[in-house]
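Source file entry06.cif; content: mmCIF, C-alpha atoms.
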data_query
loop_
_atom_site.label_atom_id
_atom_site.label_comp_id
_atom_site.auth_asym_id
_atom_site.auth_seq_id
_atom_site.Cartn_x
_atom_site.Cartn_y
_atom_site.Cartn_z
CA MET A 233 6.83 -29.85 -25.65
CA GLU A 234 9.67 -27.44 -24.86
CA ILE A 235 7.96 -24.72 -26.83
CA LEU A 236 5.48 -23.80 -24.13
CA PRO A 237 7.81 -23.08 -21.16
CA LYS A 238 10.06 -21.06 -23.46
CA LEU A 239 7.11 -19.15 -24.85
CA LEU A 240 5.79 -18.40 -21.36
CA SER A 241 9.09 -17.13 -20.02
CA ALA A 242 9.88 -15.08 -23.12
CA ASN A 243 6.50 -13.35 -22.84
CA ALA A 244 6.21 -13.18 -19.08
CA LEU A 245 4.34 -9.88 -18.83
CA ILE A 246 1.75 -10.96 -21.42
CA VAL A 247 1.21 -14.21 -19.51
CA ALA A 248 0.60 -12.16 -16.37
CA PHE A 249 -2.01 -10.04 -18.22
CA LEU A 250 -3.82 -13.22 -19.25
CA VAL A 251 -3.69 -14.86 -15.82
CA VAL A 252 -4.88 -11.71 -14.03
CA ALA A 253 -7.71 -11.37 -16.55
CA VAL A 254 -8.78 -14.98 -15.91
CA VAL A 255 -8.55 -14.53 -12.11
CA THR A 256 -10.63 -11.34 -12.40
CA TRP A 257 -13.22 -13.08 -14.53
CA ILE A 258 -13.56 -16.07 -12.21
CA SER A 259 -13.77 -13.69 -9.23
CA SER A 260 -16.52 -11.63 -10.80
CA VAL A 261 -18.49 -14.80 -11.60
CA ILE A 262 -18.11 -15.91 -7.96
CA SER A 263 -19.13 -12.44 -6.80
CA VAL A 264 -22.28 -12.26 -8.94
CA LYS A 265 -23.44 -15.87 -9.09
CA ILE A 266 -22.46 -17.31 -5.71
CA LEU A 267 -22.23 -14.33 -3.37
CA LYS A 268 -25.01 -12.34 -5.07
CA GLY A 269 -22.88 -9.21 -5.21
CA ARG A 270 -22.34 -9.01 -1.46
CA VAL A 271 -18.56 -9.10 -1.92
CA PRO A 272 -17.17 -7.08 -4.85
CA GLY A 273 -15.34 -9.03 -7.55
CA ALA A 274 -12.21 -6.93 -7.08
CA ALA A 275 -12.05 -7.93 -3.40
CA ILE A 276 -12.30 -11.61 -4.26
CA ALA A 277 -9.64 -11.26 -6.95
CA ILE A 278 -7.25 -9.52 -4.54
CA ILE A 279 -7.76 -12.22 -1.90
CA ALA A 280 -7.24 -14.85 -4.62
CA GLY A 281 -3.97 -13.07 -5.37
CA LEU A 282 -2.89 -13.33 -1.73
CA ILE A 283 -3.74 -17.04 -1.68
CA LEU A 284 -1.71 -17.56 -4.87
CA ALA A 285 1.14 -15.66 -3.21
CA PHE A 286 1.01 -17.97 -0.19
CA PHE A 287 1.28 -21.12 -2.31
CA GLY A 288 3.86 -19.54 -4.60
CA GLY A 289 6.08 -18.95 -1.59
CA LYS A 290 5.37 -22.39 -0.14
CA TRP A 291 6.15 -24.28 -3.36
CA THR A 292 9.21 -22.34 -4.49
CA GLY A 293 10.71 -21.11 -1.21
CA GLY A 294 11.16 -17.74 -2.91
CA ASN A 295 10.13 -14.42 -1.48
CA LYS A 296 8.11 -12.96 -4.36
CA GLY A 297 4.94 -15.04 -4.12
CA ILE A 298 3.51 -16.53 -7.31
CA SER A 299 6.07 -14.75 -9.50
CA ASP A 300 8.73 -17.26 -8.41
CA VAL A 301 6.79 -20.03 -10.14
CA SER A 302 8.34 -20.56 -13.55
CA GLY A 303 6.21 -19.11 -16.32
CA LEU A 304 4.57 -16.60 -13.95
CA ALA A 305 7.58 -14.32 -13.52
CA GLY A 306 5.64 -11.56 -15.28
CA PHE A 307 3.69 -11.00 -12.06
CA ALA A 308 6.80 -9.41 -10.58
CA LEU A 309 6.71 -6.70 -13.24
CA LEU A 310 2.93 -6.25 -13.45
CA GLY A 311 2.67 -6.10 -9.65
CA SER A 312 5.83 -4.06 -9.15
CA GLY A 313 5.98 -0.89 -7.12
CA MET A 314 6.75 1.00 -10.33
CA LEU A 315 3.54 0.04 -12.16
CA ARG A 316 1.47 0.26 -8.99
CA ASP A 317 2.56 3.82 -8.31
CA PHE A 318 2.17 4.74 -12.00
CA ALA A 319 -1.43 3.51 -12.00
CA VAL A 320 -2.17 5.09 -8.61
CA VAL A 321 -0.98 8.47 -9.92
CA ALA A 322 -3.25 8.00 -12.95
CA THR A 323 -6.26 7.58 -10.64
CA ALA A 324 -5.75 11.20 -9.57
CA MET A 325 -7.36 12.20 -12.89
CA GLY A 326 -10.87 13.29 -12.06
CA SER A 327 -10.34 13.54 -8.33
CA SER A 328 -10.73 16.89 -6.71
CA LEU A 329 -7.71 18.95 -5.74
CA SER A 330 -9.83 21.31 -3.65
CA GLU A 331 -11.19 18.34 -1.68
CA MET A 332 -7.61 17.28 -0.94
CA LYS A 333 -6.60 20.78 0.08
CA LYS A 334 -9.63 21.08 2.31
CA THR A 335 -8.91 17.89 4.23
CA GLY A 336 -5.15 17.78 3.83
CA TRP A 337 -4.52 18.65 7.45
CA ILE A 338 -6.73 15.78 8.62
CA GLY A 339 -4.43 13.57 6.57
CA ALA A 340 -1.36 15.08 8.22
CA ILE A 341 -2.69 14.51 11.74
CA SER A 342 -3.77 10.99 10.80
CA LEU A 343 -0.22 10.23 9.69
CA LEU A 344 1.22 11.12 13.09
CA VAL A 345 -1.55 9.41 15.04
CA GLY A 346 -1.17 6.34 12.80
CA VAL A 347 2.56 6.00 13.42
CA PHE A 348 2.31 6.48 17.19
CA ILE A 349 -0.65 4.14 17.70
CA SER A 350 0.84 1.37 15.54
CA PHE A 351 4.25 1.77 17.11
CA PHE A 352 3.34 1.80 20.78
CA SER A 353 0.64 -0.86 20.65
CA ALA A 354 3.14 -3.13 18.88
CA VAL A 355 5.79 -2.33 21.51
CA ILE A 356 3.34 -3.44 24.20
CA ILE A 357 2.67 -6.71 22.36
CA ALA A 358 6.41 -7.33 21.96
CA PHE A 359 6.91 -6.58 25.65
CA ALA A 360 4.19 -9.08 26.53
CA PHE A 361 6.05 -11.68 24.45
CA GLY A 362 9.17 -11.17 26.54
CA TYR A 363 11.20 -8.62 24.59
CA ARG A 364 12.92 -6.19 26.94
CA ASP A 365 15.68 -4.44 25.00
CA ALA A 366 14.91 -1.07 23.44
CA VAL A 367 16.38 -1.97 20.02
CA SER A 368 14.17 -5.05 19.51
CA LEU A 369 11.08 -3.34 20.91
CA THR A 370 11.58 -0.37 18.59
CA THR A 371 12.18 -2.53 15.52
CA ILE A 372 9.06 -4.60 16.14
CA GLY A 373 7.08 -1.42 16.81
CA ALA A 374 8.32 0.03 13.53
CA GLY A 375 7.21 -3.13 11.72
CA ALA A 376 3.64 -2.31 12.74
CA CYS A 377 3.85 0.91 10.66
CA THR A 378 4.72 -0.59 7.26
CA PHE A 379 6.93 -3.45 6.11
CA ILE A 380 9.50 -0.90 4.95
CA VAL A 381 9.67 1.10 8.18
CA GLY A 382 10.52 -2.06 10.16
CA PRO A 383 13.72 -3.07 8.34
CA VAL A 384 14.83 0.55 7.78
CA THR A 385 14.51 1.26 11.50
CA GLY A 386 16.06 -2.05 12.50
CA ALA A 387 19.06 -1.42 10.26
CA ALA A 388 19.44 2.13 11.57
CA ILE A 389 19.54 1.13 15.24
CA GLY A 390 21.38 -2.17 14.79
CA ALA A 391 18.70 -4.77 15.45
CA ASP A 392 19.21 -8.52 15.21
CA SER A 393 18.22 -9.99 11.82
CA SER A 394 15.67 -12.34 13.42
CA VAL A 395 13.92 -9.32 14.94
CA ILE A 396 14.02 -7.53 11.57
CA ALA A 397 12.41 -10.61 10.00
CA ILE A 398 9.60 -10.42 12.55
CA SER A 399 9.08 -6.72 11.85
CA ILE A 400 8.85 -7.35 8.09
CA ALA A 401 6.38 -10.18 8.67
CA ALA A 402 4.27 -7.95 10.91
CA GLY A 403 4.22 -5.29 8.18
CA VAL A 404 3.14 -7.86 5.59
CA PHE A 405 0.37 -9.10 7.91
CA LYS A 406 -0.79 -5.53 8.35
CA SER A 407 -0.91 -5.02 4.61
CA VAL A 408 -2.83 -8.28 4.11
CA PHE A 409 -5.23 -7.46 6.96
CA VAL A 410 -5.94 -3.97 5.62
CA THR A 411 -6.40 -5.38 2.11
CA ILE A 412 -8.97 -7.94 3.21
CA PHE A 413 -10.86 -6.12 5.95
CA THR A 414 -11.23 -2.59 4.57
CA ALA A 415 -14.24 -3.43 2.41
CA PRO A 416 -16.22 -5.31 5.09
CA LEU A 417 -15.42 -2.69 7.77
CA ALA A 418 -15.96 0.36 5.52
CA LYS A 419 -19.60 0.95 6.33
CA PHE A 420 -19.11 0.63 10.08
CA ILE A 421 -16.37 3.24 10.19
CA GLY A 422 -17.92 5.68 7.72
CA LEU A 423 -15.33 5.11 5.01
CA ASN A 424 -17.44 6.40 2.13
CA ASN A 425 -16.16 9.90 1.35
CA PRO A 426 -12.87 11.57 0.35
CA GLN A 427 -12.33 13.03 3.81
CA ALA A 428 -12.58 9.66 5.54
CA ALA A 429 -10.40 8.08 2.85
CA MET A 430 -7.65 10.61 3.54
CA ALA A 431 -7.81 9.95 7.28
CA TYR A 432 -7.83 6.21 6.59
CA GLY A 433 -4.80 6.42 4.27
CA GLY A 434 -2.81 8.38 6.83
CA LEU A 435 -3.74 6.15 9.76
CA MET A 436 -3.13 2.82 8.03
CA GLY A 437 -0.02 3.94 6.22
CA THR A 438 0.61 0.74 4.29
CA THR A 439 0.29 1.93 0.69
CA SER A 440 -0.20 -1.56 -0.69
CA GLY A 441 -2.89 -2.36 1.88
CA VAL A 442 -4.62 1.02 1.54
CA THR A 443 -4.72 1.07 -2.25
CA ALA A 444 -5.85 -2.57 -2.45
CA GLY A 445 -8.38 -2.13 0.34
CA LEU A 446 -9.91 0.95 -1.27
CA ALA A 447 -9.93 -0.74 -4.68
CA ALA A 448 -12.15 -3.41 -3.16
CA THR A 449 -14.31 -0.84 -1.35
CA ASP A 450 -14.82 2.02 -3.78
CA PRO A 451 -12.25 2.77 -6.53
CA LYS A 452 -13.26 6.45 -6.48
CA LEU A 453 -11.64 6.78 -3.05
CA VAL A 454 -8.27 5.36 -4.12
CA PRO A 455 -6.54 8.68 -4.93
CA TYR A 456 -7.52 10.20 -1.58
CA GLY A 457 -6.20 7.28 0.46
CA ALA A 458 -3.08 7.03 -1.70
CA MET A 459 -2.38 10.73 -1.28
CA THR A 460 -1.87 10.43 2.48
CA SER A 461 -0.52 6.89 2.74
CA THR A 462 2.34 7.76 0.37
CA PHE A 463 3.77 9.92 3.16
CA ALA A 464 3.41 7.28 5.86
CA THR A 465 6.51 5.22 5.16
CA GLY A 466 8.58 8.40 5.12
CA VAL A 467 7.08 9.68 8.35
CA GLY A 468 7.56 6.26 9.97
CA CYS A 469 11.18 6.04 8.84
CA LEU A 470 11.68 9.50 10.26
CA LEU A 471 10.02 9.02 13.66
CA CYS A 472 10.70 5.37 14.57
CA PRO A 473 14.52 5.37 14.75
CA SER A 474 14.53 8.81 16.38
CA ILE A 475 11.75 10.07 18.67
CA CYS A 476 10.06 6.69 19.13
CA PHE A 477 13.39 4.96 19.84
CA PHE A 478 14.32 7.59 22.44
CA MET A 479 10.93 7.22 24.11
CA VAL A 480 11.30 3.44 24.27
CA LYS A 481 14.82 3.79 25.65
CA PHE A 482 13.54 6.24 28.23
CA ILE A 483 10.72 3.92 29.32
CA PHE A 484 12.55 0.56 29.24
CA GLY A 485 16.14 1.62 29.80
CA GLN A 486 18.74 -0.04 27.59
CA MET B 274 -2.73 11.11 -29.38
CA VAL B 275 -2.87 8.52 -26.63
CA ILE B 276 0.88 8.62 -26.14
CA TYR B 277 0.71 12.28 -25.14
CA GLY B 278 -1.45 11.33 -22.20
CA VAL B 279 0.87 8.49 -21.21
CA GLY B 280 3.80 10.88 -21.61
CA LEU B 281 2.17 13.51 -19.40
CA LEU B 282 1.50 10.85 -16.78
CA ALA B 283 5.10 9.64 -17.00
CA PHE B 284 6.40 13.19 -16.69
CA CYS B 285 4.32 13.92 -13.58
CA PHE B 286 5.25 10.53 -12.12
CA LEU B 287 8.99 11.06 -12.54
CA VAL B 288 8.98 14.64 -11.25
CA GLY B 289 6.94 13.58 -8.21
CA GLN B 290 9.24 10.64 -7.50
CA PHE B 291 12.23 12.95 -7.79
CA ILE B 292 10.72 15.35 -5.26
CA GLY B 293 9.89 12.44 -2.93
CA GLU B 294 13.41 10.98 -3.16
CA SER B 295 15.01 14.41 -2.66
CA LEU B 296 12.81 15.10 0.35
CA GLY B 297 13.83 11.73 1.84
CA ARG B 298 17.49 12.50 1.21
CA PHE B 299 17.07 15.96 2.69
CA LEU B 300 15.51 14.48 5.84
CA GLY B 301 18.31 11.94 6.03
CA ILE B 302 16.15 8.83 5.66
CA GLU B 303 16.32 5.99 3.18
CA ALA B 304 12.78 6.33 1.95
CA ASN B 305 10.75 8.14 -0.64
CA VAL B 306 8.66 10.74 1.19
CA GLY B 307 5.37 11.35 -0.58
CA GLY B 308 6.55 10.76 -4.14
CA VAL B 309 3.20 9.43 -5.30
CA GLY B 310 1.41 12.32 -3.61
CA PHE B 311 3.52 14.96 -5.33
CA SER B 312 3.03 13.18 -8.68
CA MET B 313 -0.73 13.16 -8.16
CA ILE B 314 -0.88 16.85 -7.29
CA LEU B 315 1.24 17.69 -10.33
CA LEU B 316 -0.96 15.59 -12.60
CA MET B 317 -4.12 17.24 -11.30
CA ILE B 318 -2.66 20.71 -11.81
CA CYS B 319 -1.37 19.89 -15.31
CA ALA B 320 -4.56 18.18 -16.45
CA ASP B 321 -6.67 21.00 -15.07
CA GLY B 322 -4.58 23.69 -16.75
CA LEU B 323 -4.56 21.87 -20.10
CA GLN B 324 -8.29 21.23 -19.93
CA LYS B 325 -9.05 24.90 -19.36
CA ARG B 326 -6.99 25.81 -22.42
CA GLY B 327 -8.68 23.09 -24.47
CA LEU B 328 -5.41 21.22 -24.81
CA LEU B 329 -6.57 17.91 -23.39
CA PRO B 330 -8.42 16.12 -26.21
CA VAL B 331 -10.17 12.83 -25.54
CA PRO B 332 -7.39 10.55 -26.90
CA THR B 333 -4.80 12.26 -24.68
CA GLU B 334 -7.06 11.86 -21.70
CA GLN B 335 -7.58 8.19 -22.58
CA GLY B 336 -3.83 7.62 -22.33
CA ILE B 337 -4.10 8.53 -18.65
CA LEU B 338 -7.47 6.89 -18.00
CA PHE B 339 -6.22 3.57 -19.38
CA TRP B 340 -3.61 3.36 -16.66
CA SER B 341 -6.09 4.41 -14.02
CA THR B 342 -8.36 1.49 -15.03
CA MET B 343 -5.38 -0.90 -15.06
CA TYR B 344 -4.97 -0.08 -11.41
CA ILE B 345 -7.05 -2.95 -10.01
CA PRO B 346 -5.42 -5.65 -12.20
CA ILE B 347 -2.04 -4.32 -11.10
CA ILE B 348 -3.13 -4.51 -7.46
CA ILE B 349 -4.23 -8.12 -8.00
CA ALA B 350 -0.80 -8.93 -9.43
CA MET B 351 0.84 -7.08 -6.53
CA SER B 352 -1.15 -9.13 -3.98
CA ALA B 353 0.02 -12.28 -5.73
CA THR B 354 3.67 -11.27 -5.28
CA GLN B 355 3.57 -10.45 -1.55
CA ASN B 356 5.70 -12.61 0.70
CA VAL B 357 2.64 -14.09 2.42
CA PHE B 358 4.18 -17.50 3.14
CA ALA B 359 7.22 -16.01 4.88
CA ALA B 360 4.92 -13.82 6.97
CA PHE B 361 3.00 -16.87 8.15
CA SER B 362 6.20 -18.71 9.02
CA GLN B 363 7.32 -15.93 11.39
CA GLY B 364 4.85 -17.09 13.97
CA PHE B 365 2.10 -15.83 16.19
CA MET B 366 3.65 -12.64 17.56
CA ALA B 367 4.25 -11.21 14.08
CA LEU B 368 0.60 -11.93 13.30
CA LEU B 369 -0.56 -10.11 16.44
CA VAL B 370 1.77 -7.16 15.83
CA GLY B 371 0.40 -6.92 12.29
CA ILE B 372 -3.26 -7.17 13.24
CA LEU B 373 -4.02 -5.75 16.71
CA PRO B 374 -2.58 -2.23 16.13
CA THR B 375 -4.32 -2.20 12.76
CA LEU B 376 -7.66 -2.97 14.39
CA LEU B 377 -7.09 -0.04 16.74
CA LEU B 378 -6.41 2.19 13.73
CA PHE B 379 -9.68 1.15 12.11
CA LEU B 380 -11.48 2.19 15.29
CA CYS B 381 -9.69 5.57 15.17
CA ILE B 382 -11.12 6.57 11.80
CA PRO B 383 -14.60 7.61 12.99
CA VAL B 384 -13.05 9.29 16.06
CA ILE B 385 -10.64 11.36 13.97
CA ILE B 386 -13.37 12.33 11.52
CA LYS B 387 -15.63 13.37 14.38
CA LEU B 388 -12.94 15.34 16.20
CA LEU B 389 -11.56 17.15 13.19
CA SER B 390 -14.59 17.97 11.10
CA LYS B 391 -16.85 20.72 12.12
#

Show me this structure written as structure tokens.
Amino acid sequence: MEILPKLLSANALIVAFLVVAVVTWISSVISVKILKGRVPGAAIAIIAGLILAFFGGKWTGGNKGISDVSGLAGFALLGSGMLRDFAVVATAMGSSLSEMKKTGWIGAISLLVGVFISFFSAVIIAFAFGYRDAVSLTTIGAGACTFIVGPVTGAAIGADSSVIAISIAAGVFKSVFVTIFTAPLAKFIGLNNPQAAMAYGGLMGTTSGVTAGLAATDPKLVPYGAMTSTFATGVGCLLCPSICFFMVKFIFGQ
Amino acid sequence: MVIYGVGLLAFCFLVGQFIGESLGRFLGIEANVGGVGFSMILLMICADGLQKRGLLPVPTEQGILFWSTMYIPIIIAMSATQNVFAAFSQGFMALLVGILPTLLLFLCIPVIIKLLSK
């Protein structure tokens, strides 16, 4: 009986292929048979992934979701930033460069608007919860950009680790929220063309949320959203500890 | 050969990442600025140029398309490795900070499209 655990851990990536295939299959059956195609199979599979991640973290106390469960470590590689970005780049095949050039500046403006709206609305929420010091307010505001901007900003301006933890959590919630709600909201906000996808990618910023959300909405739009969102973390890390921090300091004092 | 396509993809990926990392370093921030975007642009330019010269046969193209179709399974695996439990244990304010600004952003999409497109 010791063969199986050894086999699973020695072939972790292959196990992940199999498990993802099974999850995808079950999700597509649920999509077609139970939900009559109203929710795409990919969306159900991604939500199933998030649920698995929740229980993975709960059972193991680790911070890498289901991949901390023994035998499922391959998820960490299959779902890594490296493979995600590699596959996202591959989706650029067949997308239109001229379309991106044409609407590139909408993407650029969306990036700035996205950072400022996320940042300042989060600062207001943090203020309402009793935070008054500029460093904590800025760190929490940065967490509303992406879950990388929060800790990078917090570290840069010397925030307390508990505040950094909140900013990371906020960024993860954003990513989860964008992942789940992009598909159902898409038709209300006109997210059905490359132009809108580029604005959406820049505004939302969270690459994981944007790429997963578009995958569940319309895979053809993925490269356009990815193109702009890939700049968001950089723009956030640039603006939050500098301009945004100064503005918060100016408004709230020290 | 399929591996030529995978190799082309890897080449574009690495060059783009290098540009993104260098740009981040240049701007003095600890983040990759637009690496995936630069990789994508490079891939589109390369694939387009090769195609026009008839140097992108179907097997080569399939090496790239395979990875593009693996995208959704990879995203499913990525979702399953997010730190969702820790996020939930950070409490109500983190949830609000994650969700309310994001809702605002969703509402901005039609506005931005309307304002910027003529």

query: Looking at A:Met459, A:Leu284, A:Ile400, A:Ala358, which one is nearest to Phe311 (chain B), with distances taken over only C-alpha atoms?
result: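 The answer is A:Met459, which sits nearest to Phe311 (chain B).
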
Explicit residue set for the PyMOL selection byres ((chain B and resi 287) around 12), as a PyMOL selection string: (chain A and resi 314+317-318+321) or (chain B and resi 280-286+288-294+308-313+315-316)

message: Distance cut-off 6 Å, counting all atoms listed in the file - which residues of chain B neighbour chain A? Return them as a PyMOL selection string.
response: chain B and resi 304+306-307+309-310+313+337+340-341+344+347+349-358+360+367-368+370-372+374+383

- prompt: When you draw a straight line from CA of Gly386 (chain A) to CA of Thr371 (chain A), how long is it in Å?
  reply: 4.9 Å

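For the pair CA of Pro272 (chain A) and CA of Thr449 (chain A), the interatomic distance is 7.7 Å.
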
query: Quick one: distance from CA of Leu453 (chain A) to CA of Pro426 (chain A) in Å, one decimal?
result: 6.0 Å

task: Please return, as a ChimeraX atom specification, all polymer residues that have at least one atom within 10 Å of the point (17.1, -2.0, 25.4); use only C-alpha atoms and the file's own coordinate frame.
output: /A:363-370,477,480-486

Residue nearest Leu328 (chain B) - candidates B:Gly278, B:Ala359, B:Ile302, B:Phe379, atoms counted: all atoms listed in the file: B:Gly278

- request: Compare A:Leu240, A:Asn425, A:Ile258, A:Leu344 by their minimum atom-to-atom distance to Ile386 (chain B), counting all atoms listed in the file, and give me the closest one.
  value: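 Using all atoms listed in the file, Ile386 (chain B) sits closest to A:Asn425.
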